[in-house]
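The structure appears below as structure tokens.
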Amino acid sequence: MTTSAPYPAATARAALTYTGGTLLRAGRPHRVLAGSLHYFRVRPEQWADRLGRLAALGLNTVDTYVPWNFHERTPGDARFDGPRDLARFAQLAQERGLDVIVRPGPYICAEWDNGGLPAWLTGTPGMRLRTSYGPFLDAVARWFDELIPRVAALQAGRGGPVVAVQIENEYGSHGDDQDYVRWVRDALVGRGVTELLYTADGPTALMQDGGSVPGQLAAATFGSRPAEAAALLRSRREGEPFFCAEFWNGWFDHWGERHHVRSAVSAAEDVGGILDAGGSVSLYMAHGGTNFGLWAGANHDGERLQPTVTSYDSDAPIAEHGALTPKFFAVRERLAAVGGTPGEVPADPPLLAPRTLGITRGAGLLDALRSAGEPVRAPLPLSFEELEQSSGLVLYEAAPLLPPGRHELTVTGLHDRAQVFADGEPVAVLDRETGSFTVPGRGERVRLELLVENQGRINYGPLLGQGKGILGGVRVERRLVHGWTVRGLPLDEWRPEDLARAASAAPPDGRAGFATASLTVPGPADTFLALPGFGKGFVWVNGTLLGRYWEIGPQTTLYLPGPLLRAGENTLTVLELEHFGDHLALRDRPALGPAEEYVETFD
């Protein structure tokens, strides 16, 4: 097991300290007025703009998670370039007068795929996640060896903007392995963190017991009843300042549910309650951004998967495309009342004019995907993890002999959704862990194909790290089907040439598959892409995977940021899984779905 240096005494070099229940910055009374903005949910070209909008809100700090799987897609290849350039993001924040809080996990939740943990790690047989299990700590230690010295170099004590670092993330909602939480604390310190360390857990004794560490500031995460949270923390931690490390002023959405909102009045009232209680606060989210590509996570309600939508707007004060909402101004007023110094209010970002785009249909679904995936043969279906694939689709094919008559076929261990085809014809869609369908037999072999989609890895709860694909098997009545050809289709890893090759690999089949549209613009600007009449699928812009769409909503437009476009001609490519529409449309406003007021209460 990898260990780190012993935990030293608190150092006077830390920018943030506290005494007698008062938070200090450089020895003077201070409030953290923070907002969450995740660099990995915003295009790098827009970081400066969005950070400027946080400053205009009256915040003095930005906080961000660091998703391990975003930086280290494959073991040993940790990257910090382009959209992963955490140092550049922090430096841009500093240029706008903002302190930075870093939340390195290793687990982050965040409605992010797998809670930020790499699939190559969670798919390791026998792995015990978020515990003091040696192989897990060894993997975290190697990742922290890459990450934490970079964070340490950005600390305020070294002239940078980082004033605090979080220990793990809401661990008290998961477990009570105190050896593990202390190990994370020591691993941070042993790699150079000298600024304020804190834990963040829900506002209950159970959660605080599981996640807090003696000697480290214990913060809370909640969306309501700030006075109760303040009383709980102060009763447990005399002399510590009250810090709401996440105030949920909005909420995220799942496919097939309603769009969650929270009124500006309600959010501002509870921000005021935190401030009236003498607290510091971080708005979760101040600007939500987008789950680009296939990075959206999922929840599980105990019966079925609840995949998270592509938008992470979160009904935040700063909308997904940067526009300032009524909530922005309501919260800004509350922050100004306690000494927040709002900057000049910027204009909303420019948008392209609405228009309709005709489509050209490309290769049919099954022919295209058969040509795009390298075939692997196995006696039983292989999981995504066995294929060393994190996300996307897997096409399974077998040829069972079916006697005359109708036969029930059953799929077990399905994660997450399968479209079933017999001799090229659609026969069923399955979206439960165990699902059945019937197929007619003629006394000959049938070409059985199951196109399985990973709809997002679970990011919260006891099923964290669950595998994807067909994890059980496929049966005809009681007989297992053997002899599979498996094609992995990691859509988020496709290069532009891979995408173009797949889209032109076969003739159209009229139902589903690839389609393209051309968009000519004089210069880049934001827009919202609608796909009327389309069913479910994925969209690329100039070879970059924008994200998923699904007609069940709630969102029916995808935010298309200007930096993905170029002056002149642009190509939009759609992979439709179910049924085509006849055109695409650019809209001048988002359509995030029918709204439902939601306030988290921990009841």
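Following the order of the structure tokens, first chain is A, next is B, and so on, with residues numbered from 1 inside each chain and ligands from 1 in the order they appear.
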From a DSSP calculation on the backbone, collect every residue of region 232-445 of chain A in helix (DSSP H, G or I) and output the set as a tab-separated table (two decimals) with N, CA and C atoms, in the first residue's frame.
chain	number	residue	atom	x	y	z
A	232	LEU	N	-26.31	22.63	13.49
A	232	LEU	CA	-25.71	21.29	13.58
A	232	LEU	C	-24.19	21.38	13.57
A	233	LEU	N	-23.64	22.10	12.62
A	233	LEU	CA	-22.18	22.17	12.52
A	233	LEU	C	-21.58	22.83	13.76
A	234	ARG	N	-22.20	23.89	14.23
A	234	ARG	CA	-21.63	24.59	15.38
A	234	ARG	C	-21.75	23.76	16.66
A	235	SER	N	-22.78	22.92	16.72
A	235	SER	CA	-22.91	22.06	17.91
A	235	SER	C	-21.85	20.97	17.92
A	236	ARG	N	-21.37	20.61	16.76
A	236	ARG	CA	-20.39	19.53	16.64
A	236	ARG	C	-18.95	20.06	16.62
A	264	ALA	N	-36.03	32.22	-8.28
A	264	ALA	CA	-35.01	33.16	-7.86
A	264	ALA	C	-35.25	33.61	-6.42
A	265	VAL	N	-36.50	33.80	-6.06
A	265	VAL	CA	-36.84	34.25	-4.70
A	265	VAL	C	-36.43	33.19	-3.68
A	266	SER	N	-36.77	31.92	-3.94
A	266	SER	CA	-36.44	30.85	-3.01
A	266	SER	C	-34.93	30.71	-2.85
A	267	ALA	N	-34.21	30.71	-3.96
A	267	ALA	CA	-32.76	30.56	-3.88
A	267	ALA	C	-32.12	31.72	-3.14
A	268	ALA	N	-32.53	32.94	-3.46
A	268	ALA	CA	-31.93	34.12	-2.83
A	268	ALA	C	-32.24	34.15	-1.34
A	269	GLU	N	-33.44	33.72	-0.94
A	269	GLU	CA	-33.79	33.71	0.48
A	269	GLU	C	-32.85	32.81	1.27
A	270	ASP	N	-32.56	31.62	0.73
A	270	ASP	CA	-31.70	30.71	1.48
A	270	ASP	C	-30.23	31.12	1.41
A	271	VAL	N	-29.82	31.75	0.32
A	271	VAL	CA	-28.48	32.35	0.32
A	271	VAL	C	-28.40	33.39	1.43
A	272	GLY	N	-29.46	34.21	1.53
A	272	GLY	CA	-29.50	35.20	2.60
A	272	GLY	C	-29.46	34.56	3.97
A	273	GLY	N	-30.14	33.41	4.12
A	273	GLY	CA	-30.12	32.72	5.40
A	273	GLY	C	-28.73	32.24	5.79
A	274	ILE	N	-27.97	31.75	4.83
A	274	ILE	CA	-26.59	31.34	5.09
A	274	ILE	C	-25.76	32.54	5.53
A	275	LEU	N	-25.91	33.63	4.80
A	275	LEU	CA	-25.13	34.83	5.10
A	275	LEU	C	-25.55	35.44	6.44
A	276	ASP	N	-26.86	35.42	6.71
A	276	ASP	CA	-27.34	35.96	7.99
A	276	ASP	C	-26.83	35.15	9.17
A	326	PRO	N	-32.83	35.87	-13.98
A	326	PRO	CA	-33.35	36.59	-12.80
A	326	PRO	C	-32.69	36.13	-11.51
A	327	LYS	N	-32.33	34.87	-11.42
A	327	LYS	CA	-31.66	34.36	-10.21
A	327	LYS	C	-30.31	35.04	-10.03
A	328	PHE	N	-29.62	35.34	-11.12
A	328	PHE	CA	-28.33	36.05	-11.05
A	328	PHE	C	-28.51	37.36	-10.30
A	329	PHE	N	-29.51	38.12	-10.67
A	329	PHE	CA	-29.68	39.44	-10.07
A	329	PHE	C	-30.22	39.36	-8.64
A	330	ALA	N	-31.06	38.36	-8.37
A	330	ALA	CA	-31.58	38.20	-7.00
A	330	ALA	C	-30.46	37.81	-6.04
A	331	VAL	N	-29.61	36.88	-6.45
A	331	VAL	CA	-28.50	36.45	-5.59
A	331	VAL	C	-27.45	37.56	-5.50
A	332	ARG	N	-27.21	38.24	-6.59
A	332	ARG	CA	-26.23	39.35	-6.62
A	332	ARG	C	-26.57	40.40	-5.57
A	333	GLU	N	-27.86	40.68	-5.43
A	333	GLU	CA	-28.30	41.67	-4.43
A	333	GLU	C	-27.98	41.19	-3.02
A	334	ARG	N	-28.20	39.91	-2.75
A	334	ARG	CA	-27.92	39.35	-1.42
A	334	ARG	C	-26.42	39.39	-1.12
A	335	LEU	N	-25.61	39.05	-2.11
A	335	LEU	CA	-24.16	39.05	-1.90
A	335	LEU	C	-23.64	40.47	-1.66
A	336	ALA	N	-24.17	41.42	-2.41
A	336	ALA	CA	-23.74	42.81	-2.25
A	336	ALA	C	-24.03	43.33	-0.85
A	365	LEU	N	-28.13	2.14	-40.13
A	365	LEU	CA	-27.63	1.93	-38.78
A	365	LEU	C	-26.77	0.68	-38.64
A	366	LEU	N	-27.34	-0.48	-38.91
A	366	LEU	CA	-26.62	-1.72	-38.65
A	366	LEU	C	-25.43	-1.90	-39.59
A	367	ASP	N	-25.61	-1.61	-40.86
A	367	ASP	CA	-24.50	-1.75	-41.80
A	367	ASP	C	-23.34	-0.84	-41.41
A	368	ALA	N	-23.67	0.38	-40.99
A	368	ALA	CA	-22.61	1.32	-40.61
A	368	ALA	C	-21.87	0.84	-39.38
A	369	LEU	N	-22.60	0.39	-38.37
A	369	LEU	CA	-21.96	-0.02	-37.12
A	369	LEU	C	-21.22	-1.34	-37.26
A	370	ARG	N	-21.74	-2.23	-38.11
A	370	ARG	CA	-20.98	-3.46	-38.36
A	370	ARG	C	-19.62	-3.15	-38.98
A	371	SER	N	-19.59	-2.16	-39.84
A	371	SER	CA	-18.32	-1.82	-40.50
A	371	SER	C	-17.38	-1.04	-39.60
A	372	ALA	N	-17.95	-0.35	-38.60
A	372	ALA	CA	-17.13	0.56	-37.78
A	372	ALA	C	-16.45	-0.14	-36.62
inquiry  = Quick one: residues within 10 Å of Asp99 (chain A), only C-alpha atoms, excluding same-chain residues fewer than 5 positions away - as a ChimeraX atom specification?
reply    = /A:32-34,59-63,90-91,93-94,155-156,160-164
Residue selection dump (N, CA, C and O atoms) as a PDB file, in the first residue's frame:
ATOM      1  N   VAL A  32     -16.035  33.408   2.316  1.00  0.00           N
ATOM      2  CA  VAL A  32     -15.930  32.807   0.994  1.00  0.00           C
ATOM      3  C   VAL A  32     -17.292  32.958   0.325  1.00  0.00           C
ATOM      4  O   VAL A  32     -18.297  32.423   0.798  1.00  0.00           O
ATOM      5  N   LEU A  33     -17.318  33.710  -0.749  1.00  0.00           N
ATOM      6  CA  LEU A  33     -18.519  33.861  -1.579  1.00  0.00           C
ATOM      7  C   LEU A  33     -18.173  33.205  -2.912  1.00  0.00           C
ATOM      8  O   LEU A  33     -17.607  33.831  -3.806  1.00  0.00           O
ATOM      9  N   ALA A  34     -18.455  31.934  -2.999  1.00  0.00           N
ATOM     10  CA  ALA A  34     -17.957  31.124  -4.111  1.00  0.00           C
ATOM     11  C   ALA A  34     -19.096  30.655  -4.994  1.00  0.00           C
ATOM     12  O   ALA A  34     -20.269  30.681  -4.627  1.00  0.00           O
ATOM     13  N   LEU A  59     -19.150  37.289  -6.618  1.00  0.00           N
ATOM     14  CA  LEU A  59     -18.401  36.219  -5.962  1.00  0.00           C
ATOM     15  C   LEU A  59     -16.922  36.579  -5.879  1.00  0.00           C
ATOM     16  O   LEU A  59     -16.396  37.316  -6.714  1.00  0.00           O
ATOM     17  N   ASN A  60     -16.258  36.029  -4.866  1.00  0.00           N
ATOM     18  CA  ASN A  60     -14.812  36.255  -4.742  1.00  0.00           C
ATOM     19  C   ASN A  60     -14.011  34.976  -4.960  1.00  0.00           C
ATOM     20  O   ASN A  60     -12.784  34.989  -4.886  1.00  0.00           O
ATOM     21  N   THR A  61     -14.711  33.861  -5.233  1.00  0.00           N
ATOM     22  CA  THR A  61     -14.051  32.556  -5.332  1.00  0.00           C
ATOM     23  C   THR A  61     -14.794  31.697  -6.343  1.00  0.00           C
ATOM     24  O   THR A  61     -16.021  31.768  -6.440  1.00  0.00           O
ATOM     25  N   VAL A  62     -14.052  30.873  -7.069  1.00  0.00           N
ATOM     26  CA  VAL A  62     -14.642  29.838  -7.911  1.00  0.00           C
ATOM     27  C   VAL A  62     -14.180  28.490  -7.367  1.00  0.00           C
ATOM     28  O   VAL A  62     -13.038  28.344  -6.938  1.00  0.00           O
ATOM     29  N   ASP A  63     -15.094  27.528  -7.345  1.00  0.00           N
ATOM     30  CA  ASP A  63     -14.647  26.179  -6.980  1.00  0.00           C
ATOM     31  C   ASP A  63     -14.896  25.232  -8.132  1.00  0.00           C
ATOM     32  O   ASP A  63     -15.831  25.412  -8.926  1.00  0.00           O
ATOM     33  N   ALA A  90      -7.229  28.100 -13.583  1.00  0.00           N
ATOM     34  CA  ALA A  90      -6.984  28.767 -12.306  1.00  0.00           C
ATOM     35  C   ALA A  90      -6.339  30.129 -12.518  1.00  0.00           C
ATOM     36  O   ALA A  90      -6.664  31.107 -11.826  1.00  0.00           O
ATOM     37  N   GLN A  91      -5.427  30.203 -13.459  1.00  0.00           N
ATOM     38  CA  GLN A  91      -4.769  31.487 -13.723  1.00  0.00           C
ATOM     39  C   GLN A  91      -5.744  32.511 -14.280  1.00  0.00           C
ATOM     40  O   GLN A  91      -5.689  33.701 -13.925  1.00  0.00           O
ATOM     41  N   ALA A  93      -8.886  32.601 -13.565  1.00  0.00           N
ATOM     42  CA  ALA A  93      -9.672  33.015 -12.404  1.00  0.00           C
ATOM     43  C   ALA A  93      -8.930  34.087 -11.607  1.00  0.00           C
ATOM     44  O   ALA A  93      -9.509  35.102 -11.194  1.00  0.00           O
ATOM     45  N   GLN A  94      -7.645  33.863 -11.397  1.00  0.00           N
ATOM     46  CA  GLN A  94      -6.850  34.830 -10.641  1.00  0.00           C
ATOM     47  C   GLN A  94      -6.820  36.183 -11.348  1.00  0.00           C
ATOM     48  O   GLN A  94      -6.907  37.237 -10.696  1.00  0.00           O
ATOM     49  N   GLN A 155      -1.093  27.253  -5.331  1.00  0.00           N
ATOM     50  CA  GLN A 155      -1.592  27.736  -4.048  1.00  0.00           C
ATOM     51  C   GLN A 155      -1.240  29.197  -3.803  1.00  0.00           C
ATOM     52  O   GLN A 155      -0.243  29.723  -4.319  1.00  0.00           O
ATOM     53  N   ALA A 156      -2.069  29.818  -2.971  1.00  0.00           N
ATOM     54  CA  ALA A 156      -1.844  31.232  -2.637  1.00  0.00           C
ATOM     55  C   ALA A 156      -0.483  31.438  -2.003  1.00  0.00           C
ATOM     56  O   ALA A 156       0.168  32.471  -2.230  1.00  0.00           O
ATOM     57  N   GLY A 160      -0.227  31.837  -6.194  1.00  0.00           N
ATOM     58  CA  GLY A 160      -1.347  31.447  -7.040  1.00  0.00           C
ATOM     59  C   GLY A 160      -2.687  31.745  -6.399  1.00  0.00           C
ATOM     60  O   GLY A 160      -2.768  32.365  -5.329  1.00  0.00           O
ATOM     61  N   PRO A 161      -3.793  31.275  -7.007  1.00  0.00           N
ATOM     62  CA  PRO A 161      -5.136  31.594  -6.508  1.00  0.00           C
ATOM     63  C   PRO A 161      -5.768  30.546  -5.603  1.00  0.00           C
ATOM     64  O   PRO A 161      -6.837  30.791  -5.038  1.00  0.00           O
ATOM     65  N   VAL A 162      -5.170  29.360  -5.460  1.00  0.00           N
ATOM     66  CA  VAL A 162      -5.819  28.274  -4.725  1.00  0.00           C
ATOM     67  C   VAL A 162      -5.707  28.524  -3.226  1.00  0.00           C
ATOM     68  O   VAL A 162      -4.599  28.579  -2.672  1.00  0.00           O
ATOM     69  N   VAL A 163      -6.863  28.650  -2.568  1.00  0.00           N
ATOM     70  CA  VAL A 163      -6.889  28.962  -1.131  1.00  0.00           C
ATOM     71  C   VAL A 163      -7.413  27.815  -0.285  1.00  0.00           C
ATOM     72  O   VAL A 163      -7.332  27.862   0.939  1.00  0.00           O
ATOM     73  N   ALA A 164      -7.971  26.777  -0.910  1.00  0.00           N
ATOM     74  CA  ALA A 164      -8.509  25.649  -0.143  1.00  0.00           C
ATOM     75  C   ALA A 164      -8.600  24.434  -1.050  1.00  0.00           C
ATOM     76  O   ALA A 164      -8.759  24.551  -2.272  1.00  0.00           O
TER      77      ALA A 164
END
message = Set the distance at 12 Å and use only C-alpha atoms: which residues neighbour Val539 (chain A) once local chain neighbours fewer than 2 positions away are removed? I'd like the list as number ranges by chain.
response = A: 292-294, 310, 491-492, 499, 513-517, 529-531, 534, 536-537, 541-550, 557-560, 571-577, 584
Now that the selection is made, can you save its residues with N, CA, C and O atoms as a short mmCIF file (atom, residue, chain, number, x, y, z; two decimals), in the first residue's frame?
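File produced: part.cif:
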data_model
loop_
_atom_site.label_atom_id
_atom_site.label_comp_id
_atom_site.auth_asym_id
_atom_site.auth_seq_id
_atom_site.Cartn_x
_atom_site.Cartn_y
_atom_site.Cartn_z
N PHE A 292 -20.77 17.59 -22.23
CA PHE A 292 -20.41 17.33 -23.62
C PHE A 292 -20.03 15.86 -23.81
O PHE A 292 -19.65 15.15 -22.87
N GLY A 293 -20.10 15.43 -25.07
CA GLY A 293 -19.71 14.06 -25.38
C GLY A 293 -20.60 13.07 -24.66
O GLY A 293 -21.83 13.16 -24.69
N LEU A 294 -19.97 12.11 -23.99
CA LEU A 294 -20.71 11.08 -23.25
C LEU A 294 -20.37 11.12 -21.77
O LEU A 294 -20.36 10.10 -21.08
N THR A 310 -27.89 15.81 -21.29
CA THR A 310 -26.68 16.45 -21.79
C THR A 310 -26.48 17.83 -21.18
O THR A 310 -25.37 18.23 -20.84
N LEU A 491 -17.83 5.79 -29.30
CA LEU A 491 -18.15 6.97 -30.11
C LEU A 491 -17.34 8.19 -29.70
O LEU A 491 -16.98 9.03 -30.53
N ASP A 492 -17.09 8.31 -28.40
CA ASP A 492 -16.39 9.50 -27.91
C ASP A 492 -14.89 9.44 -28.20
O ASP A 492 -14.18 10.43 -27.95
N LEU A 499 -15.46 8.88 -37.95
CA LEU A 499 -16.86 9.26 -38.07
C LEU A 499 -17.27 9.33 -39.54
O LEU A 499 -18.32 8.78 -39.94
N GLY A 513 -29.74 5.57 -38.70
CA GLY A 513 -28.35 5.54 -39.13
C GLY A 513 -27.78 6.93 -39.12
O GLY A 513 -28.12 7.76 -38.26
N PHE A 514 -26.91 7.21 -40.06
CA PHE A 514 -26.22 8.49 -40.11
C PHE A 514 -26.93 9.48 -41.03
O PHE A 514 -27.57 9.09 -42.02
N ALA A 515 -26.81 10.75 -40.68
CA ALA A 515 -27.27 11.84 -41.53
C ALA A 515 -26.34 13.03 -41.29
O ALA A 515 -25.75 13.17 -40.21
N THR A 516 -26.20 13.87 -42.29
CA THR A 516 -25.37 15.06 -42.15
C THR A 516 -26.15 16.29 -42.59
O THR A 516 -27.11 16.20 -43.36
N ALA A 517 -25.72 17.43 -42.08
CA ALA A 517 -26.27 18.72 -42.47
C ALA A 517 -25.13 19.72 -42.56
O ALA A 517 -24.15 19.62 -41.82
N LEU A 529 -29.41 23.62 -30.95
CA LEU A 529 -29.73 22.68 -32.02
C LEU A 529 -30.93 21.83 -31.63
O LEU A 529 -30.91 21.16 -30.59
N ALA A 530 -31.96 21.85 -32.48
CA ALA A 530 -33.13 21.01 -32.29
C ALA A 530 -33.15 19.95 -33.39
O ALA A 530 -32.67 20.18 -34.50
N LEU A 531 -33.71 18.79 -33.06
CA LEU A 531 -33.79 17.67 -34.00
C LEU A 531 -35.24 17.19 -34.08
O LEU A 531 -35.57 16.08 -33.67
N PHE A 534 -36.67 13.43 -34.87
CA PHE A 534 -35.67 12.41 -34.59
C PHE A 534 -36.00 11.73 -33.26
O PHE A 534 -36.68 12.29 -32.40
N LYS A 536 -33.63 9.19 -31.03
CA LYS A 536 -32.58 9.08 -30.01
C LYS A 536 -31.25 8.92 -30.71
O LYS A 536 -31.13 8.15 -31.66
N GLY A 537 -30.24 9.61 -30.20
CA GLY A 537 -28.94 9.44 -30.84
C GLY A 537 -27.90 10.43 -30.35
O GLY A 537 -27.95 10.91 -29.21
N VAL A 541 -20.26 17.92 -34.20
CA VAL A 541 -20.09 19.20 -34.90
C VAL A 541 -18.64 19.28 -35.35
O VAL A 541 -17.73 19.31 -34.52
N ASN A 542 -18.45 19.27 -36.65
CA ASN A 542 -17.10 19.29 -37.21
C ASN A 542 -16.21 18.21 -36.58
O ASN A 542 -15.03 18.44 -36.29
N GLY A 543 -16.79 17.05 -36.36
CA GLY A 543 -16.03 15.92 -35.85
C GLY A 543 -15.94 15.83 -34.34
O GLY A 543 -15.40 14.85 -33.81
N THR A 544 -16.45 16.82 -33.61
CA THR A 544 -16.45 16.80 -32.13
C THR A 544 -17.82 16.35 -31.63
O THR A 544 -18.84 16.90 -32.04
N LEU A 545 -17.83 15.34 -30.77
CA LEU A 545 -19.09 14.81 -30.25
C LEU A 545 -19.72 15.82 -29.29
O LEU A 545 -19.19 16.07 -28.20
N LEU A 546 -20.85 16.37 -29.70
CA LEU A 546 -21.55 17.37 -28.88
C LEU A 546 -22.26 16.71 -27.71
O LEU A 546 -22.17 17.16 -26.57
N GLY A 547 -22.99 15.62 -27.97
CA GLY A 547 -23.69 14.94 -26.89
C GLY A 547 -24.85 14.12 -27.40
O GLY A 547 -25.05 13.93 -28.60
N ARG A 548 -25.64 13.63 -26.44
CA ARG A 548 -26.82 12.82 -26.73
C ARG A 548 -28.05 13.70 -26.88
O ARG A 548 -28.18 14.74 -26.25
N TYR A 549 -29.00 13.20 -27.67
CA TYR A 549 -30.36 13.76 -27.68
C TYR A 549 -31.33 12.60 -27.56
O TYR A 549 -31.00 11.44 -27.83
N TRP A 550 -32.56 12.90 -27.12
CA TRP A 550 -33.58 11.85 -26.95
C TRP A 550 -34.93 12.53 -26.92
O TRP A 550 -35.16 13.47 -26.14
N THR A 557 -33.42 20.67 -27.09
CA THR A 557 -32.36 21.35 -27.84
C THR A 557 -31.02 21.03 -27.17
O THR A 557 -30.96 20.76 -25.97
N LEU A 558 -29.97 21.07 -27.95
CA LEU A 558 -28.61 20.92 -27.44
C LEU A 558 -27.89 22.25 -27.61
O LEU A 558 -27.92 22.85 -28.69
N TYR A 559 -27.25 22.70 -26.55
CA TYR A 559 -26.43 23.91 -26.64
C TYR A 559 -25.22 23.63 -27.52
O TYR A 559 -24.46 22.69 -27.28
N LEU A 560 -25.05 24.45 -28.56
CA LEU A 560 -23.91 24.33 -29.47
C LEU A 560 -23.06 25.58 -29.30
O LEU A 560 -23.41 26.65 -29.80
N THR A 571 -19.99 21.09 -40.67
CA THR A 571 -20.72 19.84 -40.88
C THR A 571 -21.26 19.31 -39.56
O THR A 571 -20.51 19.15 -38.59
N LEU A 572 -22.56 19.07 -39.53
CA LEU A 572 -23.21 18.43 -38.39
C LEU A 572 -23.53 16.99 -38.79
O LEU A 572 -24.12 16.76 -39.86
N THR A 573 -23.11 16.05 -37.95
CA THR A 573 -23.34 14.63 -38.23
C THR A 573 -24.19 14.04 -37.12
O THR A 573 -23.90 14.25 -35.93
N VAL A 574 -25.23 13.33 -37.51
CA VAL A 574 -26.16 12.72 -36.56
C VAL A 574 -26.09 11.20 -36.71
O VAL A 574 -26.09 10.68 -37.83
N LEU A 575 -26.01 10.50 -35.59
CA LEU A 575 -26.22 9.06 -35.56
C LEU A 575 -27.55 8.82 -34.87
O LEU A 575 -27.67 8.97 -33.65
N GLU A 576 -28.56 8.49 -35.67
CA GLU A 576 -29.91 8.27 -35.16
C GLU A 576 -30.14 6.78 -34.97
O GLU A 576 -29.94 5.97 -35.88
N LEU A 577 -30.57 6.40 -33.77
CA LEU A 577 -30.73 4.99 -33.42
C LEU A 577 -32.11 4.44 -33.74
O LEU A 577 -32.27 3.21 -33.86
N LEU A 584 -32.89 19.51 -39.39
CA LEU A 584 -32.41 20.05 -38.12
C LEU A 584 -32.83 21.51 -38.06
O LEU A 584 -33.12 22.13 -39.08
#
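CA of Ala319 (chain A) sits 25.7 Å away from CA of Glu170 (chain A).
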With a distance cut-off of 8 Å and only C-alpha atoms, select the neighbouring residues of Val521 (chain A), excluding the residue or stretch itself and same-chain residues fewer than 2 positions from it, and output the selection as a tab-separated table (two decimals) with all heavy atoms, in the first residue's frame.
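Wrote it out as selection_16.tsv, contents follow:
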chain	number	residue	atom	x	y	z
A	519	LEU	N	-23.89	23.69	-42.31
A	519	LEU	CA	-24.21	24.98	-41.70
A	519	LEU	C	-23.13	25.98	-42.09
A	519	LEU	O	-21.96	25.79	-41.75
A	519	LEU	CB	-24.29	24.84	-40.18
A	519	LEU	CG	-24.36	26.14	-39.36
A	519	LEU	CD1	-25.61	26.94	-39.71
A	519	LEU	CD2	-24.31	25.84	-37.86
A	523	GLY	N	-19.30	33.83	-39.05
A	523	GLY	CA	-18.38	33.75	-37.93
A	523	GLY	C	-19.01	32.95	-36.81
A	523	GLY	O	-20.23	32.80	-36.76
A	524	PRO	N	-18.20	32.41	-35.90
A	524	PRO	CA	-18.76	31.58	-34.83
A	524	PRO	C	-19.63	32.37	-33.87
A	524	PRO	O	-19.34	33.51	-33.53
A	524	PRO	CB	-17.51	31.05	-34.12
A	524	PRO	CG	-16.38	31.24	-35.09
A	524	PRO	CD	-16.73	32.46	-35.88
A	566	ARG	N	-16.80	27.30	-37.14
A	566	ARG	CA	-15.78	28.11	-37.81
A	566	ARG	C	-16.47	28.94	-38.88
A	566	ARG	O	-17.54	28.56	-39.39
A	566	ARG	CB	-14.70	27.22	-38.42
A	566	ARG	CG	-15.23	26.13	-39.33
A	566	ARG	CD	-14.14	25.24	-39.88
A	566	ARG	NE	-14.68	24.13	-40.64
A	566	ARG	CZ	-14.56	22.85	-40.32
A	566	ARG	NH1	-13.93	22.49	-39.22
A	566	ARG	NH2	-15.09	21.90	-41.10
A	567	ALA	N	-15.86	30.03	-39.26
A	567	ALA	CA	-16.40	30.84	-40.34
A	567	ALA	C	-16.42	30.01	-41.62
A	567	ALA	O	-15.45	29.33	-41.94
A	567	ALA	CB	-15.55	32.09	-40.53
A	568	GLY	N	-17.55	30.07	-42.32
A	568	GLY	CA	-17.69	29.28	-43.53
A	568	GLY	C	-18.55	28.06	-43.29
A	568	GLY	O	-19.50	28.10	-42.50
A	569	GLU	N	-18.21	26.95	-43.96
A	569	GLU	CA	-19.05	25.76	-43.90
A	569	GLU	C	-18.69	24.87	-42.72
A	569	GLU	O	-17.51	24.62	-42.44
A	569	GLU	CB	-18.93	24.95	-45.20
A	569	GLU	CG	-19.89	23.77	-45.27
A	569	GLU	CD	-19.85	23.06	-46.61
A	569	GLU	OE1	-19.04	23.46	-47.47
A	569	GLU	OE2	-20.61	22.10	-46.79
A	570	ASN	N	-19.72	24.37	-42.04
A	570	ASN	CA	-19.58	23.45	-40.93
A	570	ASN	C	-20.44	22.22	-41.19
A	570	ASN	O	-21.49	22.32	-41.84
A	570	ASN	CB	-20.03	24.10	-39.62
A	570	ASN	CG	-19.21	25.32	-39.26
A	570	ASN	OD1	-18.24	25.22	-38.53
A	570	ASN	ND2	-19.60	26.49	-39.79
ask   = So which bits of region 109-183 of chain A end up strand (DSSP E) when you DSSP the backbone, as a list in words?
value = Val162, Val163, Ala164, Val165 and Gln166 of chain A
ask   = For Ala347 (chain A), which residue out of A:Gly35, A:Gly256, A:Gly52, A:Pro135 is the nearest one, using only C-alpha atoms?
value =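 Among the listed residues, A:Gly52 lies closest to Ala347 (chain A).
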inquiry  = With only C-alpha atoms as the counted atoms, please give the residues lying no more than 7 Å from region 209-225 of chain A, apart from itself and same-chain residues fewer than 4 positions off, as a VMD selection string.
reply    = chain A and resid 170 to 172 175 to 176 182 197 to 203 205 229 240 242 to 249 270 599 to 601
